[in-house]
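These notes are about the structure you will find just below.
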Amino acid sequence: MTRRLGAAATFAAAVMLLGTAHAQIAKDTIKIGVLADMSSLYADLGGPGSVEAAKMAVEDFGGSVGGKKIEVVSGDHQNKPDVGASIARQWFDQNGVDMITDLTTSSVALAVQEVAREKNKVILITGAASSDLTGKACAPTSVHWMYDTVALANGTGAAVVKAGGDTWFFITADYAFGHALERDSSEVVQANGGKVLGSVKVPLNTADFSSFLLQAQSSKAKIIGLANAGGDTINSIKQAAEFGIVAGGQKLAGLLVFVTDVHSLGLNTARGLQLTEGFYWDQDDQTRTWSKKFFDRMKKEPTMVQAGVYSAVTHYLNAIKSANSIDGPAVIKQLKSGPINDFAVRSGKIQDDGSLVHDMYLFEVKKPEESKGEWDLYKQISTIPGAQAFKRPKGNECPAVKG
Amino acid sequence: MFDWVHISLPPAQALFGQLLIGLINGSFYAILSLGLAIIFGLLNIINFTHGAQYMLGAFCAWFLLNVLGIGYWPALILAPIAVGITGIVIEQLFLKRIAGLDHLYGLLLTFGLALIIEGLFREQYGSSGQPYVIPPELQGVRNIGFMFLPYYRAWVIVASLGVCLATWFVIEKTRLGAYLRAATENPVLVQTFGINVPRLVTLTYGGGVALAALAGVLAAPIYQVRPQMGSDIIVVVFAVVVIGGMGSILGAIVSGFALGLIEGMTKVFYPEASNTVIFVIMALVLLVKPAGLFGRAA
């Protein structure tokens, strides 16, 4: 009896060991990881929507490439770089994940980019904004897919200054993203003849901006630049309306605003806000067709981050097919070799430093009477060609490329 | 040496404006910590669900307005009653069973409930939040010389001061309050006098929860109505209660307003620390007076 038990136990142990060893031998699944903020202030602009977009891309691609099945896994980095980096490390080392995408929150993206650099794995960043990702922190297997702080500054920043807003005060989220956005926007403001009168750094995920808005008010700057995003931007704009900031003659510049933020604020509060995005669901037939499929699943229209995930995953799978390899550097080489053109990214080309230069658009939020539907929120003011949008000043370049 | 601390002294005007804003934020801390202090004082339960109940109050107000067309003023009464009833249900179903056990059980149970409630709402409503309009009677700003004060924020200070003082009065100066305080000290003896202590306990929990919901209704027009609004504020409120002294009603009210003021000042002089200053103070207070500023050592 004991001998049989012993034999059974040894057999079970052997099977288990075999099972774990199997994962380390030849891979028969391609795994794509969506690492996003699933539960906090950025969850609506990326989050579960990004996971769904990745799944849609895999389904539309056919579910497999080169005989290998494709699987999508997801994780919540909670906007903490250490949590994000440890999930990325575990994914790459133990769970056989080949590529990580979304990566909303610049501090997390920067941390994960270091892990990707160490392991030579591909990351396609659609959520984070900081231009440092392709600047001083650039990595060879990373692509910054949809937008960055330089494009936002060249878009909204330049448009606002040229329209007469020549003195600025920044309300900045006190972490990597906010600092980068304030820095890049200040440069554009000054390059266009404006002045930055001051700034205040606010902890991430602040509910009450009244104190900071008061400081902005007393600076008497014509423009209050909001170098924050998601829930922070929503709170800033809502409370600015409450304190009569706009009525008092100052204007708000939302430097990073997503369609989900405007939907949450309502058109009455957000009307007239100018913003730069890389994608809007209602731009043309192509965007509308894809967005309808997304809406049927998520019951919300997609943001540029979520459309970017679909675009990035699709091009990644195509690159694996063309290069016939899942090796990081080989796939990146394939991605960089040709143009990137789809419903979300127009006239795009990945540069040596990893930034995907493509057309951006300046939008303005509609007035309530102009809107014909719950998500009919933007009107397009102009197209900003990639070269102009992503043009960055000296001092912010990727060291490997600068040469 | 201290060049990392940028002390830019604002003009005296701006300072008064910041003080007033600090007072407004302190109002929310005061009402919430009052509810917590009452619940801890009588039930000996560390009510971690308080933040979720604050959020429920805000969502209830939003629901009343957007689904039933009931405005802000009735919501001030209806939402706390509705959420208070859910609180009573929680007390009857869960908290009664762990009465008399170690504090940790109550903490874990209420924390778990908070996570469930927040998760359900986030699943349903997303995290960007729902807009809630400031009631028309309170819209607009008034230039009071050193700042533009929105009428609604002035109302928040008035309402919360009123609620806090009324609650303090009931507990310290009325017979009902006397029963409550007696039941905290010696429930068995109070029961022998014919007072229905279990019912008192249930109603008190419901009352504390209703206070949280009231704070939620007050917050709905100025902060977005989001599922995370409770967890964002509850940690700070706990720090306030600890500083004031767990179980001390006056302590909760005074610390709430005072810490709102201190946080407001930090936002002017060193805004990067505005998130953490209350916890620094809590650490200092615990070192010097572990029972809290107004608390009595157990």
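Here's how to read the names in the structure tokens: chain A, B, ... by the order shown, residue numbers from 1 in each chain, ligand numbers from 1 in the order shown.
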
Write out as a VMD selection string the residues lying within 7 Å of segment 91-96 of chain A, counting only C-alpha atoms and excluding same-chain residues fewer than 3 positions away. chain A and resid 31 87 to 88

DSSP-assigned helix (DSSP H, G or I) members of segment 134-382 of chain A, reported as a short mmCIF file (atom, residue, chain, number, x, y, z; two decimals) with C-alpha atoms, in the first residue's frame:
data_model
loop_
_atom_site.label_atom_id
_atom_site.label_comp_id
_atom_site.auth_asym_id
_atom_site.auth_seq_id
_atom_site.Cartn_x
_atom_site.Cartn_y
_atom_site.Cartn_z
CA THR A 134 12.11 57.83 -27.23
CA THR A 149 4.17 64.80 -25.09
CA VAL A 150 6.04 66.46 -27.97
CA ALA A 151 3.09 65.89 -30.32
CA LEU A 152 0.67 67.23 -27.70
CA ALA A 153 2.79 70.33 -27.18
CA ASN A 154 3.20 70.94 -30.91
CA GLY A 155 -0.52 70.40 -31.39
CA THR A 156 -2.50 72.03 -28.61
CA GLY A 157 0.33 74.16 -27.24
CA ALA A 158 1.22 75.79 -30.53
CA ALA A 159 -2.43 76.29 -31.53
CA VAL A 160 -3.27 78.04 -28.25
CA VAL A 161 -0.23 80.32 -28.31
CA LYS A 162 -0.83 81.31 -31.92
CA ALA A 176 7.31 61.56 -15.10
CA PHE A 177 4.42 62.28 -17.45
CA GLY A 178 3.45 65.64 -16.02
CA HIS A 179 7.03 66.86 -15.89
CA ALA A 180 7.66 65.80 -19.51
CA LEU A 181 4.44 67.40 -20.74
CA GLU A 182 5.16 70.65 -18.89
CA ARG A 183 8.72 70.72 -20.19
CA ASP A 184 7.77 70.06 -23.82
CA SER A 185 4.85 72.49 -23.72
CA SER A 186 6.94 75.25 -22.12
CA GLU A 187 9.45 74.93 -24.95
CA VAL A 188 6.74 75.29 -27.57
CA VAL A 189 5.22 78.27 -25.74
CA GLN A 190 8.57 80.03 -25.53
CA ALA A 191 9.51 79.15 -29.11
CA SER A 210 -9.28 74.25 -5.77
CA SER A 211 -6.09 75.34 -4.04
CA PHE A 212 -4.01 74.94 -7.21
CA LEU A 213 -6.63 76.66 -9.37
CA LEU A 214 -6.56 79.55 -6.94
CA GLN A 215 -2.80 79.83 -7.40
CA ALA A 216 -3.29 79.75 -11.16
CA GLN A 217 -5.90 82.46 -10.87
CA SER A 218 -3.65 84.77 -8.88
CA SER A 219 -0.81 84.33 -11.40
CA GLY A 230 -7.66 61.16 -16.99
CA GLY A 231 -9.41 61.72 -13.66
CA ASP A 232 -7.06 64.60 -12.75
CA THR A 233 -7.96 66.54 -15.91
CA ILE A 234 -11.66 65.93 -15.35
CA ASN A 235 -11.48 67.25 -11.80
CA SER A 236 -9.38 70.29 -12.84
CA ILE A 237 -11.78 71.30 -15.59
CA LYS A 238 -14.89 70.73 -13.51
CA GLN A 239 -13.57 72.73 -10.57
CA ALA A 240 -12.23 75.47 -12.81
CA ALA A 241 -15.78 75.96 -14.06
CA GLU A 242 -16.99 76.10 -10.47
CA VAL A 259 -12.82 61.24 -25.51
CA THR A 260 -13.77 59.40 -22.29
CA ASP A 261 -12.84 62.51 -20.26
CA VAL A 262 -15.06 64.74 -22.38
CA HIS A 263 -17.88 62.22 -22.16
CA SER A 264 -17.56 62.21 -18.39
CA LEU A 265 -17.45 66.01 -18.10
CA LEU A 267 -20.43 69.16 -23.23
CA ASN A 268 -21.71 71.99 -21.07
CA THR A 269 -18.51 72.02 -19.05
CA ALA A 270 -16.04 70.98 -21.74
CA ASP A 285 -15.84 55.55 -42.59
CA GLN A 286 -12.79 53.46 -41.65
CA THR A 287 -12.72 54.70 -38.06
CA ARG A 288 -16.50 54.41 -37.77
CA THR A 289 -16.57 50.81 -38.99
CA TRP A 290 -13.95 49.65 -36.52
CA SER A 291 -15.35 51.73 -33.67
CA LYS A 292 -18.79 50.19 -34.14
CA LYS A 293 -17.28 46.75 -33.56
CA PHE A 294 -15.57 48.05 -30.42
CA PHE A 295 -18.76 49.73 -29.22
CA ASP A 296 -20.75 46.52 -29.64
CA ARG A 297 -18.40 44.84 -27.18
CA MET A 298 -17.59 47.60 -24.69
CA MET A 304 -6.85 56.58 -29.19
CA VAL A 305 -5.06 54.35 -26.68
CA GLN A 306 -7.43 51.45 -27.29
CA ALA A 307 -7.44 51.93 -31.08
CA GLY A 308 -3.66 52.06 -30.81
CA VAL A 309 -3.56 48.67 -29.08
CA TYR A 310 -5.54 47.10 -31.94
CA SER A 311 -3.24 48.75 -34.47
CA ALA A 312 -0.05 47.76 -32.63
CA VAL A 313 -1.07 44.12 -32.10
CA THR A 314 -2.12 43.76 -35.75
CA HIS A 315 1.16 45.15 -37.07
CA TYR A 316 3.11 43.05 -34.55
CA LEU A 317 1.46 39.83 -35.75
CA ASN A 318 2.04 40.82 -39.38
CA ALA A 319 5.68 41.50 -38.58
CA ILE A 320 6.06 38.05 -36.97
CA LYS A 321 4.57 36.49 -40.09
CA SER A 322 6.84 38.41 -42.46
CA ALA A 323 9.99 37.95 -40.40
CA GLY A 328 12.51 40.79 -30.44
CA PRO A 329 15.13 42.58 -32.54
CA ALA A 330 14.01 40.74 -35.71
CA VAL A 331 10.39 41.78 -35.27
CA ILE A 332 11.35 45.38 -34.53
CA LYS A 333 13.52 45.46 -37.66
CA GLN A 334 10.52 44.24 -39.66
CA LEU A 335 8.22 46.83 -38.08
CA LYS A 336 10.66 49.65 -38.82
CA SER A 337 11.21 48.54 -42.41
CA PRO A 368 -24.15 70.97 -26.65
CA GLU A 369 -26.39 72.27 -29.45
CA GLU A 370 -23.94 71.01 -32.10
#

Given the choices A:Asp174, A:Asp284, A:Glu114, A:Asp148, which gets closest to chain B if the distance is worked out from only C-alpha atoms?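 Closest candidate: A:Asp174.
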
Return the single residue from B:Ala213, B:Leu115, B:Leu138, B:Ile70 that is closest to Thr86 of chain B, with distances computed using only C-alpha atoms. B:Ala213

Nearest candidate to chain A (options B:Phe94, B:Phe111, B:Tyr151, B:Tyr54; using only C-alpha atoms):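 Using only C-alpha atoms, chain A sits closest to B:Tyr151.
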
Enumerate as a PyMOL selection string the residues belonging to chain B that approach chain A to within 9 Å, with only C-alpha atoms taken into account. chain B and resi 10+14+17-18+21-22+25+119+122+126-131+134+139-141+147-150+152+222-224+228-229+232-233+264+267-268+270-275

Within 6 Å of segment 376-384 of chain A using only C-alpha atoms, minus same-chain residues under 5 positions, as a list in words: Asp359, Met360, Tyr361, Leu362, Phe363, Glu364, Val365, Lys366, Ser371 and Ala389 of chain A

Near Leu214 of chain B, within 12 Å and counting only C-alpha atoms, which residues show up once chain neighbours fewer than 3 positions away are dropped, as a ChimeraX atom specification? /B:27-28,30-32,34-35,50-51,53-61,72-84,156,159-160,163-164,207-211,217-220

Close residues, Thr101 of chain A itself excluded, 6 Å, only C-alpha atoms, min 5 positions apart in chain, as a list in words: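 Counting only C-alpha atoms, the residues come to Val34, Ile123, Leu124 and Ile125 of chain A.
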
As a PyMOL selection string, please: the residues near Ile171 of chain B (cut-off 9 Å, only C-alpha atoms, same-chain neighbours under 5 positions excluded). chain B and resi 166+176-181+249

Output N, CA and C atoms for every residue in the selection just made, as a CSV table (one decimal), in the first residue's frame.
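Writing done, so here's selection20.csv:
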chain,number,residue,atom,x,y,z
B,166,ALA,N,-24.7,69.6,15.4
B,166,ALA,CA,-26.0,69.0,15.8
B,166,ALA,C,-25.7,67.6,16.4
B,176,LEU,N,-30.9,60.8,24.8
B,176,LEU,CA,-30.5,59.7,23.8
B,176,LEU,C,-29.0,59.5,23.8
B,177,GLY,N,-28.4,60.7,23.7
B,177,GLY,CA,-26.9,60.6,23.7
B,177,GLY,C,-26.3,60.0,24.9
B,178,ALA,N,-27.0,60.3,26.1
B,178,ALA,CA,-26.5,59.8,27.3
B,178,ALA,C,-26.6,58.3,27.3
B,179,TYR,N,-27.8,57.7,26.8
B,179,TYR,CA,-27.9,56.3,26.7
B,179,TYR,C,-26.8,55.7,25.9
B,180,LEU,N,-26.5,56.4,24.7
B,180,LEU,CA,-25.5,55.9,23.8
B,180,LEU,C,-24.2,55.8,24.5
B,181,ARG,N,-23.8,56.8,25.2
B,181,ARG,CA,-22.5,56.9,25.9
B,181,ARG,C,-22.5,55.8,27.0
B,249,ILE,N,-15.8,62.3,20.0
B,249,ILE,CA,-16.6,63.1,19.0
B,249,ILE,C,-16.0,64.4,18.7

Just the number, please: distance in Å from atom CA of Trp145 of chain A to atom CA of Val345 of chain A, one decimal.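 We find that atom CA of Trp145 of chain A and atom CA of Val345 of chain A lie 8.9 Å from each other.
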
Residues near segment 240-246 of chain B, cut-off 10 Å, only C-alpha atoms, skip fewer than 4 positions along chain, as a PyMOL selection string: chain B and resi 26+29-30+32-41+44+46+234-236+250-260+278-279+281-286+289-297

Can you measure atom CA of Ala163 of chain A to atom CA of Tyr147 of chain A for me? One decimal in Å is fine. 23.1 Å

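In this model, the gap between atom CA of Ser64 of chain A and atom CA of Phe343 of chain A comes to 22.1 Å.
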
Hey, which of B:Val158, B:Val288, B:Ala52, B:Ala215 ends up closest to Thr110 of chain B? Count only C-alpha atoms.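 Of all the options, B:Ala52 lies closest to Thr110 of chain B.
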
Best match for closeness to Gly87 of chain B among B:Gly145, B:Gly100, B:Gly162, B:Gly206, counting only C-alpha atoms: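 The answer is B:Gly206, which sits nearest to Gly87 of chain B.
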
Which of segment 27-103 of chain A end up as strand (DSSP E or B) when DSSP is run on this backbone - answer as a ChimeraX atom specification? /A:29-36,64-65,68-76,97-102
